[in-house]
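Enquirer: This is the content of final_3.tsv (TSV, C-alpha atoms):
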```tsv
chain	number	residue	atom	x	y	z
A	1	MET	CA	-9.23	11.32	-3.20
A	2	ALA	CA	-7.06	8.21	-3.01
A	3	LYS	CA	-3.33	8.15	-3.61
A	4	PHE	CA	-1.36	5.20	-4.98
A	5	SER	CA	2.32	4.47	-5.17
A	6	ILE	CA	3.47	1.92	-7.75
A	7	THR	CA	6.75	0.37	-8.79
A	8	MET	CA	7.52	-0.63	-12.36
A	9	PRO	CA	10.49	-1.40	-14.61
A	10	ASP	CA	12.27	1.50	-16.31
A	11	ASP	CA	11.06	0.49	-19.76
A	12	MET	CA	7.44	0.83	-18.61
A	13	LYS	CA	8.20	4.22	-17.07
A	14	ASP	CA	9.75	5.33	-20.36
A	15	TYR	CA	6.69	4.12	-22.26
A	16	ILE	CA	4.37	6.04	-19.92
A	17	LEU	CA	6.38	9.23	-20.31
A	18	ARG	CA	6.27	8.91	-24.13
A	19	ALA	CA	2.53	8.14	-24.09
A	20	MET	CA	1.86	11.11	-21.83
A	21	LYS	CA	3.74	13.40	-24.22
A	22	VAL	CA	1.95	12.06	-27.33
A	23	ARG	CA	-1.48	12.23	-25.68
A	24	GLN	CA	-0.64	15.54	-24.02
A	25	PHE	CA	-1.28	14.55	-20.41
A	26	GLU	CA	0.22	17.01	-17.96
A	27	ASN	CA	0.97	14.44	-15.26
A	28	THR	CA	0.92	10.73	-14.50
A	29	SER	CA	-2.29	11.00	-12.47
A	30	GLU	CA	-4.20	12.23	-15.53
A	31	TYR	CA	-2.77	9.42	-17.63
A	32	PHE	CA	-3.63	6.70	-15.12
A	33	ARG	CA	-7.17	8.07	-14.62
A	34	TYR	CA	-7.54	7.92	-18.42
A	35	LEU	CA	-6.42	4.27	-18.42
A	36	VAL	CA	-8.82	3.35	-15.61
A	37	ARG	CA	-11.73	5.04	-17.42
A	38	GLN	CA	-10.91	3.07	-20.56
A	39	ASP	CA	-10.90	-0.16	-18.53
A	40	GLN	CA	-14.25	0.72	-16.93
A	41	GLU	CA	-15.79	1.42	-20.33
A	42	ARG	CA	-14.45	-1.90	-21.66
A	43	ASP	CA	-16.01	-3.76	-18.71
A	44	LEU	CA	-19.37	-2.04	-19.23
A	45	ARG	CA	-19.29	-2.80	-22.95
A	46	MET	CA	-18.65	-6.50	-22.20
A	47	VAL	CA	-21.70	-6.63	-19.92
A	48	ILE	CA	-23.86	-5.00	-22.59
A	49	ASP	CA	-22.51	-7.24	-25.35
A	50	LYS	CA	-23.20	-10.32	-23.21
A	51	ALA	CA	-26.74	-9.14	-22.50
A	52	GLN	CA	-27.38	-8.49	-26.18
A	53	SER	CA	-25.95	-11.88	-27.21
A	54	ASN	CA	-28.36	-13.62	-24.84
A	55	GLY	CA	-31.23	-12.69	-27.12
A	56	THR	CA	-34.25	-10.50	-26.76
A	57	GLY	CA	-35.40	-9.61	-23.29
A	58	ASP	CA	-37.84	-7.26	-21.72
A	59	ARG	CA	-35.18	-4.79	-20.50
A	60	SER	CA	-34.07	-1.77	-22.48
A	61	VAL	CA	-30.43	-1.04	-23.28
A	62	LYS	CA	-30.68	1.81	-20.77
A	63	ASP	CA	-31.75	-0.66	-18.03
A	64	VAL	CA	-28.91	-3.02	-18.92
A	65	TRP	CA	-26.41	-0.13	-18.91
A	66	GLN	CA	-27.61	1.04	-15.49
A	67	GLU	CA	-27.23	-2.46	-14.09
A	68	ALA	CA	-23.74	-2.70	-15.56
A	69	GLU	CA	-22.78	0.57	-13.90
A	70	ARG	CA	-24.07	-0.70	-10.55
A	71	ARG	CA	-22.04	-3.91	-10.91
A	72	ARG	CA	-18.76	-2.41	-12.08
A	73	ILE	CA	-15.70	-2.98	-9.98
```
As structure tokens, please, write out the structure in this file.

Expert:
Amino acid sequence: MAKFSITMPDDMKDYILRAMKVRQFENTSEYFRYLVRQDQERDLRMVIDKAQSNGTGDRSVKDVWQEAERRRI
């Protein structure tokens, strides 16, 4: 498992601590994993939305989703 060390202003730290309390995260690692998962889901949704806006194709939503998962950062 990877470990990161980040630096941020005090007001951001205070926000994170409040958000963790409201959302009931036990530690900052849980909170940041939650944020990364949200970002991943947003990226996947954008790929699917783009594919759907391009019109009808011969691939299923499942195929598009699988491709999106392979491409994610």

Enquirer: From the options A:Met8, A:Ala68, A:Val61, A:Met1, which residue's atoms come nearest to A:Leu44, counting all atoms listed in the file?

Expert: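 Result for the nearest residue to A:Leu44: A:Ala68.
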
Enquirer: From the set A:Met46, A:Gly55, A:Ser29, A:Arg18, which residue has the shortest atom-to-atom contact distance to A:Ser5, counting all atoms listed in the file?

Expert: A:Ser29

Enquirer: I need every residue sitting at most 12 Å from the point (-25.0, -5.8, -13.2) (coordinates as in the file, all atoms listed in the file considered), written as a ChimeraX atom specification.

Expert: /A:43-48,50-51,63-73

Enquirer: Show which residues sit within 12 Å of A:Met20, as a VMD selection string. Count all atoms listed in the file, and ignore same-chain residues fewer than 3 positions away.

Expert: chain A and resid 13 to 17 23 to 35

Enquirer: Rounded to one decimal in Å, what is the spacing between atom CA of A:Val36 and atom CA of A:Phe4?

Expert: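 Value for the atom CA of A:Val36-atom CA of A:Phe4 distance: 13.1 Å.
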
Enquirer: For the atom pair atom CA of A:Arg37 and atom CA of A:Asp58, what is the interatomic distance in Å to one decimal place?

Expert: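 Distance reported for this atom pair: 29.2 Å.
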
Enquirer: Mind giving me the straight-line distance from atom CA of A:Asn54 to atom CA of A:Gln38 in Å, one decimal?

Expert: 24.5 Å

Enquirer: Starting from the incomplete input, reconstruct N, CA, C and O atoms of stretch 59-71 of chain A and write that as a short mmCIF file (atom, residue, chain, number, x, y, z; two decimals), in the frame of the given file.

Expert:
```cif
data_model
loop_
_atom_site.label_atom_id
_atom_site.label_comp_id
_atom_site.auth_asym_id
_atom_site.auth_seq_id
_atom_site.Cartn_x
_atom_site.Cartn_y
_atom_site.Cartn_z
N ARG A 59 -35.86 -5.98 -21.00
CA ARG A 59 -35.18 -4.79 -20.50
C ARG A 59 -34.63 -3.96 -21.66
O ARG A 59 -34.20 -4.50 -22.66
N SER A 60 -34.62 -2.66 -21.47
CA SER A 60 -34.07 -1.77 -22.48
C SER A 60 -32.55 -1.73 -22.34
O SER A 60 -31.99 -2.13 -21.30
N VAL A 61 -31.87 -1.22 -23.35
CA VAL A 61 -30.43 -1.04 -23.28
C VAL A 61 -30.08 -0.12 -22.12
O VAL A 61 -29.10 -0.34 -21.39
N LYS A 62 -30.90 0.89 -21.89
CA LYS A 62 -30.68 1.81 -20.77
C LYS A 62 -30.70 1.05 -19.44
O LYS A 62 -29.84 1.28 -18.58
N ASP A 63 -31.67 0.14 -19.27
CA ASP A 63 -31.75 -0.66 -18.03
C ASP A 63 -30.51 -1.53 -17.87
O ASP A 63 -29.95 -1.65 -16.77
N VAL A 64 -30.09 -2.16 -18.96
CA VAL A 64 -28.91 -3.02 -18.92
C VAL A 64 -27.68 -2.19 -18.57
O VAL A 64 -26.85 -2.59 -17.75
N TRP A 65 -27.55 -1.02 -19.17
CA TRP A 65 -26.41 -0.13 -18.91
C TRP A 65 -26.38 0.28 -17.44
O TRP A 65 -25.33 0.26 -16.80
N GLN A 66 -27.54 0.64 -16.90
CA GLN A 66 -27.61 1.04 -15.49
C GLN A 66 -27.19 -0.10 -14.57
O GLN A 66 -26.49 0.09 -13.59
N GLU A 67 -27.62 -1.31 -14.90
CA GLU A 67 -27.23 -2.46 -14.09
C GLU A 67 -25.72 -2.69 -14.18
O GLU A 67 -25.05 -2.97 -13.18
N ALA A 68 -25.18 -2.53 -15.37
CA ALA A 68 -23.74 -2.70 -15.56
C ALA A 68 -22.96 -1.69 -14.73
O ALA A 68 -21.96 -2.02 -14.12
N GLU A 69 -23.44 -0.46 -14.70
CA GLU A 69 -22.78 0.57 -13.90
C GLU A 69 -22.84 0.24 -12.41
O GLU A 69 -21.89 0.48 -11.67
N ARG A 70 -23.95 -0.32 -11.97
CA ARG A 70 -24.07 -0.70 -10.55
C ARG A 70 -23.11 -1.83 -10.20
O ARG A 70 -22.60 -1.93 -9.10
N ARG A 71 -22.87 -2.75 -11.16
CA ARG A 71 -22.04 -3.91 -10.91
C ARG A 71 -20.54 -3.68 -11.08
O ARG A 71 -19.74 -4.50 -10.65
#
```
